[in-house]
file entry36.cif (mmCIF, C-alpha atoms)
data_protein
#
loop_
_atom_site.label_atom_id
_atom_site.label_comp_id
_atom_site.auth_asym_id
_atom_site.auth_seq_id
_atom_site.Cartn_x
_atom_site.Cartn_y
_atom_site.Cartn_z
CA MET A 1 8.12 -2.89 -2.25
CA SER A 2 8.00 -0.52 -5.18
CA PHE A 3 10.90 1.24 -3.45
CA VAL A 4 13.11 -1.79 -3.95
CA ALA A 5 12.54 -1.36 -7.68
CA ASN A 6 13.13 2.38 -7.23
CA SER A 7 16.58 1.76 -5.73
CA LEU A 8 17.52 -0.80 -8.35
CA VAL A 9 16.46 1.42 -11.26
CA THR A 10 18.08 4.51 -9.72
CA ASP A 11 21.43 2.76 -9.29
CA ALA A 12 21.26 1.06 -12.70
CA VAL A 13 20.46 4.27 -14.61
CA SER A 14 23.09 6.26 -12.68
CA ALA A 15 25.73 3.62 -13.39
CA PHE A 16 24.71 3.46 -17.06
CA ILE A 17 25.00 7.22 -17.55
CA LYS A 18 28.34 7.30 -15.74
CA ALA A 19 29.55 4.47 -17.95
CA LEU A 20 28.59 6.56 -20.98
CA GLY A 21 30.86 9.32 -19.67
CA GLY A 22 28.21 11.52 -18.04
CA GLY A 23 29.03 13.60 -14.94
CA ALA A 24 28.08 12.54 -11.42
CA MET A 25 25.26 15.07 -11.01
CA PRO A 26 23.45 14.40 -14.33
CA ALA A 27 23.76 10.68 -13.63
CA HIS A 28 22.33 11.22 -10.15
CA LEU A 29 19.39 13.30 -11.41
CA ALA A 30 18.56 10.88 -14.24
CA GLY A 31 18.75 7.99 -11.78
CA MET A 32 16.48 9.74 -9.28
CA LEU A 33 13.96 10.68 -11.95
CA SER A 34 13.74 7.19 -13.42
CA GLY A 35 13.71 5.56 -9.97
CA THR A 36 10.89 7.77 -8.71
CA MET A 37 8.90 7.21 -11.88
CA THR A 38 9.33 3.47 -11.42
CA ALA A 39 8.01 3.74 -7.86
CA MET A 40 5.05 5.83 -9.05
CA LEU A 41 4.17 3.31 -11.76
CA LEU A 42 4.56 0.29 -9.47
CA THR A 43 2.75 1.59 -6.37
CA PRO A 44 -0.75 0.63 -7.66
CA VAL A 45 0.53 -2.82 -8.64
CA VAL A 46 1.70 -3.38 -5.06
CA ALA A 47 -1.16 -1.60 -3.24
CA VAL A 48 -4.12 -3.26 -5.00
CA PRO A 49 -3.28 -6.81 -3.81
CA GLN A 50 -2.93 -5.43 -0.26
CA ALA A 51 -6.43 -3.95 -0.46
CA LEU A 52 -7.92 -7.16 -1.85
CA LEU A 53 -6.09 -9.25 0.74
CA TYR A 54 -7.54 -6.99 3.45
CA LEU A 55 -11.08 -7.50 2.10
CA ASP A 56 -10.48 -11.26 1.81
CA LEU A 57 -9.25 -11.49 5.41
CA ARG A 58 -12.20 -9.46 6.66
CA VAL A 59 -14.60 -11.75 4.78
CA ARG A 60 -12.95 -14.80 6.32
CA LYS A 61 -12.60 -13.52 9.87
CA GLU A 62 -15.33 -10.92 10.30
CA ALA A 63 -18.00 -12.01 7.78
CA LEU A 64 -17.74 -8.71 5.89
CA ASP A 65 -19.77 -10.20 3.03
CA ILE A 66 -22.72 -10.91 5.34
CA GLU A 67 -22.41 -7.47 6.92
CA ALA A 68 -22.43 -5.84 3.46
CA GLY A 69 -25.38 -8.01 2.35
CA LEU A 70 -27.40 -7.01 5.43
CA ALA A 71 -26.59 -3.36 4.89
CA ALA A 72 -27.81 -3.67 1.30
CA LEU A 73 -31.23 -5.05 2.34
CA PRO A 74 -34.13 -2.61 2.02
CA ALA A 75 -35.44 -1.18 5.27
CA PRO A 76 -38.60 -2.95 6.56
CA GLN A 77 -41.82 -1.15 5.66
CA ALA A 78 -43.62 0.65 8.45
CA GLY A 79 -46.99 -1.02 7.74
CA LEU A 80 -45.52 -4.50 7.74
CA ALA A 81 -43.72 -3.82 10.98
CA ALA A 82 -46.96 -2.59 12.59
CA GLU A 83 -48.86 -5.64 11.32
CA GLN A 84 -46.27 -7.99 12.77
CA ALA A 85 -46.44 -6.15 16.09
CA MET B 1 -21.05 -0.25 -0.97
CA LEU B 2 -18.41 -2.64 -2.34
CA PRO B 3 -19.55 -5.01 -5.13
CA THR B 4 -20.45 -8.44 -3.76
CA GLU B 5 -18.18 -10.25 -6.25
CA LEU B 6 -15.20 -8.71 -4.46
CA LEU B 7 -16.42 -9.88 -1.07
CA GLN B 8 -15.69 -13.56 -1.42
CA PRO B 9 -13.03 -15.71 0.21
CA ARG B 10 -10.43 -16.53 -2.47
CA SER B 11 -7.26 -18.52 -2.80
CA ALA B 12 -3.97 -16.61 -3.09
CA SER B 13 -3.76 -17.20 -6.84
CA GLU B 14 -7.35 -16.02 -7.35
CA LEU B 15 -6.59 -12.92 -5.31
CA ILE B 16 -3.61 -12.10 -7.51
CA ASP B 17 -5.69 -12.73 -10.62
CA VAL B 18 -8.47 -10.40 -9.43
CA ALA B 19 -5.84 -7.83 -8.39
CA ALA B 20 -4.37 -7.93 -11.91
CA GLN B 21 -7.84 -7.32 -13.41
CA VAL B 22 -8.52 -4.43 -11.03
CA VAL B 23 -5.11 -2.89 -11.74
CA ARG B 24 -5.69 -3.15 -15.49
CA ARG B 25 -9.10 -1.51 -15.20
CA HIS B 26 -8.11 1.42 -12.96
CA TYR B 27 -4.33 1.69 -13.46
CA TRP B 28 -3.95 5.30 -14.64
CA LYS B 29 -6.38 6.71 -12.08
CA LEU B 30 -4.34 5.05 -9.33
CA VAL B 31 -1.05 6.20 -10.86
CA ASP B 32 -2.32 9.81 -10.68
CA VAL B 33 -2.80 9.38 -6.94
CA ALA B 34 0.59 7.67 -6.51
CA VAL B 35 2.36 10.47 -8.41
CA LEU B 36 0.99 13.13 -6.07
CA ALA B 37 1.68 11.03 -2.98
CA LEU B 38 5.30 10.36 -3.99
CA LEU B 39 6.33 13.85 -5.13
CA PRO B 40 7.73 14.80 -1.67
CA TYR B 41 9.85 11.65 -1.74
CA PHE B 42 11.39 12.72 -5.04
CA ALA B 43 12.63 15.98 -3.43
CA PHE B 44 13.97 14.03 -0.45
CA ASP B 45 15.67 11.54 -2.74
CA ILE B 46 17.49 14.23 -4.72
CA VAL B 47 18.98 15.70 -1.55
CA TYR B 48 19.70 12.56 0.44
CA ARG B 49 20.99 10.36 -2.32
CA ALA B 50 23.21 12.99 -3.91
CA PRO B 51 26.68 11.71 -4.87
CA ASP B 52 28.34 13.53 -1.95
CA SER B 53 25.61 12.73 0.60
CA ASP B 54 26.48 10.60 3.60
CA ALA B 55 22.94 10.06 4.91
CA PRO B 56 22.76 7.01 7.15
CA LEU B 57 20.99 3.93 5.79
CA LEU B 58 18.51 4.00 8.68
CA VAL B 59 17.23 7.48 7.72
CA MET B 60 16.78 6.34 4.13
CA VAL B 61 14.92 3.18 5.14
CA LEU B 62 12.64 4.91 7.65
CA THR B 63 11.75 7.70 5.21
CA THR B 64 11.07 5.13 2.53
CA GLY B 65 8.87 3.22 5.00
CA ILE B 66 6.83 6.29 5.89
CA VAL B 67 6.41 7.59 2.33
CA GLY B 68 5.74 4.10 0.99
CA THR B 69 2.99 3.57 3.58
CA ALA B 70 1.51 7.00 2.79
CA ALA B 71 1.46 6.25 -0.95
CA ASP B 72 -0.11 2.82 -0.35
CA VAL B 73 -2.78 4.38 1.92
CA ALA B 74 -3.60 7.02 -0.71
CA VAL B 75 -3.84 4.48 -3.54
CA ILE B 76 -5.94 2.05 -1.47
CA ALA B 77 -8.29 4.86 -0.40
CA ALA B 78 -8.74 5.89 -4.05
CA LEU B 79 -9.23 2.28 -5.12
CA LEU B 80 -11.95 1.66 -2.53
CA ARG B 81 -13.77 4.78 -3.65
CA VAL B 82 -13.62 3.61 -7.28
CA LEU B 83 -14.84 0.12 -6.34
CA GLU B 84 -17.73 1.67 -4.43
CA GLY B 85 -18.72 3.49 -7.61
CA GLY B 86 -17.22 6.85 -6.68
CA ASP B 87 -14.50 8.96 -8.20
CA ALA B 88 -10.75 8.29 -7.63
CA SER B 89 -10.07 11.85 -6.61
CA PRO B 90 -6.40 12.36 -5.68
CA ARG B 91 -7.46 15.25 -3.49
CA ALA B 92 -9.77 13.05 -1.38
CA ALA B 93 -7.11 10.32 -1.14
CA LEU B 94 -4.42 12.76 -0.04
CA GLY B 95 -6.90 14.34 2.38
CA LEU B 96 -7.28 10.94 4.04
CA VAL B 97 -3.48 10.63 4.24
CA ARG B 98 -3.32 14.04 5.91
CA ARG B 99 -6.04 13.14 8.42
CA ARG B 100 -4.32 9.85 9.29
CA LEU B 101 -0.76 11.13 9.15
CA TRP B 102 0.22 10.15 12.68
CA PRO B 103 -0.62 6.42 12.35
CA ILE B 104 1.07 6.44 8.92
CA VAL B 105 4.28 7.98 10.28
CA ALA B 106 4.44 5.97 13.49
CA ALA B 107 3.30 2.62 12.10
CA GLY B 108 5.31 3.06 8.87
CA THR B 109 8.47 3.82 10.87
CA TYR B 110 7.93 0.89 13.21
CA ARG B 111 7.29 -1.56 10.37
CA ALA B 112 10.25 -0.31 8.28
CA ALA B 113 12.60 -0.61 11.28
CA LEU B 114 11.38 -4.12 12.07
CA VAL B 115 11.62 -5.27 8.43
CA LEU B 116 15.14 -3.83 8.10
CA GLY B 117 16.21 -5.41 11.40
CA GLY B 118 14.65 -8.73 10.44
CA LEU B 119 16.21 -8.77 6.99
CA LEU B 120 19.63 -7.88 8.41
CA LEU B 121 19.35 -10.68 10.97
CA VAL B 122 18.70 -13.75 8.83
CA VAL B 123 16.17 -12.59 6.18
CA VAL B 124 13.36 -14.86 7.46
CA PRO B 125 12.32 -12.64 10.43
CA GLY B 126 12.09 -9.71 8.01
CA LEU B 127 9.78 -11.68 5.72
CA TYR B 128 7.70 -12.70 8.76
CA VAL B 129 7.29 -9.04 9.76
CA LEU B 130 6.48 -8.13 6.16
CA ALA B 131 3.74 -10.77 6.08
CA SER B 132 2.41 -9.82 9.54
CA TYR B 133 1.90 -6.20 8.51
CA ALA B 134 0.94 -6.86 4.88
CA VAL B 135 -2.46 -5.16 5.29
CA LEU B 136 -1.27 -2.24 7.44
CA ALA B 137 -1.89 0.38 4.74
CA ALA B 138 -5.35 -1.06 4.03
CA VAL B 139 -6.21 -1.05 7.74
CA ILE B 140 -5.28 2.64 7.94
CA ALA B 141 -7.04 3.53 4.66
CA ALA B 142 -10.20 1.46 4.88
CA GLY B 143 -10.97 0.92 8.53
CA PRO B 144 -12.18 3.33 11.19
CA LYS B 145 -9.61 5.86 12.37
CA LEU B 146 -7.15 4.03 14.62
CA GLY B 147 -4.01 5.03 16.45
CA ALA B 148 -0.66 3.67 15.27
CA ARG B 149 -0.50 0.92 17.87
CA ALA B 150 -4.10 -0.16 17.28
CA ALA B 151 -3.55 -0.21 13.49
CA LEU B 152 -0.43 -2.38 13.87
CA ARG B 153 -2.30 -4.73 16.22
CA ARG B 154 -5.27 -4.99 13.85
CA ALA B 155 -3.02 -5.70 10.85
CA ARG B 156 -1.25 -8.43 12.85
CA THR B 157 -4.55 -9.91 14.04
CA LEU B 158 -6.05 -9.98 10.55
CA THR B 159 -3.07 -11.78 9.01
CA ALA B 160 -2.74 -14.29 11.88
CA GLY B 161 -3.10 -17.77 10.43
CA TYR B 162 -2.85 -16.49 6.85
CA ARG B 163 0.74 -15.21 6.75
CA TRP B 164 1.94 -17.41 3.90
CA ARG B 165 -0.97 -16.17 1.81
CA ALA B 166 -0.20 -12.57 2.84
CA LEU B 167 3.46 -12.98 1.91
CA GLY B 168 2.45 -14.48 -1.44
CA CYS B 169 -0.02 -11.70 -2.23
CA VAL B 170 2.44 -8.95 -1.33
CA GLY B 171 5.54 -10.66 -2.68
CA CYS B 172 4.17 -11.99 -5.96
CA PRO B 173 3.52 -8.62 -7.64
CA THR B 174 6.95 -7.48 -6.46
#
call {"tool": "encode", "arguments": {"input": "entry36.cif", "output": "structure tokens"}}
result
Amino acid sequence: MSFVANSLVTDAVSAFIKALGGGAMPAHLAGMLSGTMTAMLLTPVVAVPQALLYLDLRVRKEALDIEAGLAALPAPQAGLAAEQA
Amino acid sequence: MLPTELLQPRSASELIDVAAQVVRRHYWKLVDVAVLALLPYFAFDIVYRAPDSDAPLLVMVLTTGIVGTAADVAVIAALLRVLEGGDASPRAALGLVRRRLWPIVAAGTYRAALVLGGLLLVVVPGLYVLASYAVLAAVIAAGPKLGARAALRRARTLTAGYRWRALGCVGCPT
């Protein structure tokens, strides 16, 4: 999704520099640079909700919260286990 | 171990709210990873989108799909490490991308082609595909190592029944 913004910014900056009378290549390079920087800055904004959605769906469908809670429990003590046996 | 406050079922708006907080807290660390992951794309972009270039749209879209998936995988891997109390090392995140390159390339290509086809058809199928594979990068980054087909299937299975929410969570930040 950040690449949609990349394309928009690239084209907008290129067109702006051309409108100011700049050559095709400087306009292209400035557009590329600003577009790529936009994608770099926006990638975390787009990726973080994906990660949280993934965790949310795993909690809902696979009980990830219970699995994590069980993994966090301390291991049973050897003496207690022997006593119970 | 992920903090328990993150492992709760949430509504779509709560998810976006928590995502905004997480982004604010760790933004620059994640940008570092994204910068390194996207540098190859910058070189590709300069060549293929040059004023005299006649690269077909499909090549552009597929490359964007692959690199976008790779960058998302790297950022998600770094984020999960940070949330687990570790360090958001770009090197470790890019190492994971390298180890899982085949699923990233194959699944990223497949998803990009489907989204493009769907959007060109009547928009709605493209959005459906986008929602179906909304967690593809997270499946590749966070889960056990899967092949491309298995990762696509798992992403589709996880979002089944929650596709509106998935579309909202992916579309809203955009």
call {"tool": "closest_residue", "arguments": {"input": "entry36.cif", "among": "A:Gln50, A:Gly21, A:Ser7, A:Ala30", "to": "Ala131 of chain B", "atoms": "only C-alpha atoms"}}
result
A:Gln50
call {"tool": "interface_residues", "arguments": {"input": "entry36.cif", "of": "chain A", "to": "chain B", "cutoff": "8 Å", "atoms": "only C-alpha atoms", "output": "number ranges by chain"}}
result
A: 1-3, 24-25, 28-29, 32-33, 36, 40-41, 43-61, 64-65, 68-69, 72
call {"tool": "resolve_selection", "arguments": {"input": "entry36.cif", "expression": "the PyMOL selection byres ((chain B and resi 105) around 9)", "output": "ChimeraX atom specification"}}
result
/B:65-67,69-70,100-104,106-110,148
call {"tool": "write_last_selection", "arguments": {"input": "entry36.cif", "atoms": "C-alpha atoms", "output": "mmCIF file, in the frame of the given file"}}
result
data_model
loop_
_atom_site.group_PDB
_atom_site.id
_atom_site.type_symbol
_atom_site.label_atom_id
_atom_site.label_comp_id
_atom_site.auth_asym_id
_atom_site.auth_seq_id
_atom_site.Cartn_x
_atom_site.Cartn_y
_atom_site.Cartn_z
ATOM 1 C CA GLY B 65 8.870 3.220 5.000
ATOM 2 C CA ILE B 66 6.830 6.290 5.890
ATOM 3 C CA VAL B 67 6.410 7.590 2.330
ATOM 4 C CA THR B 69 2.990 3.570 3.580
ATOM 5 C CA ALA B 70 1.510 7.000 2.790
ATOM 6 C CA ARG B 100 -4.320 9.850 9.290
ATOM 7 C CA LEU B 101 -0.760 11.130 9.150
ATOM 8 C CA TRP B 102 0.220 10.150 12.680
ATOM 9 C CA PRO B 103 -0.620 6.420 12.350
ATOM 10 C CA ILE B 104 1.070 6.440 8.920
ATOM 11 C CA ALA B 106 4.440 5.970 13.490
ATOM 12 C CA ALA B 107 3.300 2.620 12.100
ATOM 13 C CA GLY B 108 5.310 3.060 8.870
ATOM 14 C CA THR B 109 8.470 3.820 10.870
ATOM 15 C CA TYR B 110 7.930 0.890 13.210
ATOM 16 C CA ALA B 148 -0.660 3.670 15.270
#
call {"tool": "atom_distance", "arguments": {"input": "entry36.cif", "atom1": "atom CA of Ser89 of chain B", "atom2": "atom CA of Gly143 of chain B"}}
result
18.7 Å
call {"tool": "atom_distance", "arguments": {"input": "entry36.cif", "atom1": "atom CA of Ile17 of chain A", "atom2": "atom CA of Leu58 of chain B"}}
result
27.2 Å
call {"tool": "atom_distance", "arguments": {"input": "entry36.cif", "atom1": "atom CA of Leu152 of chain B", "atom2": "atom CA of Val129 of chain B"}}
result
11.0 Å
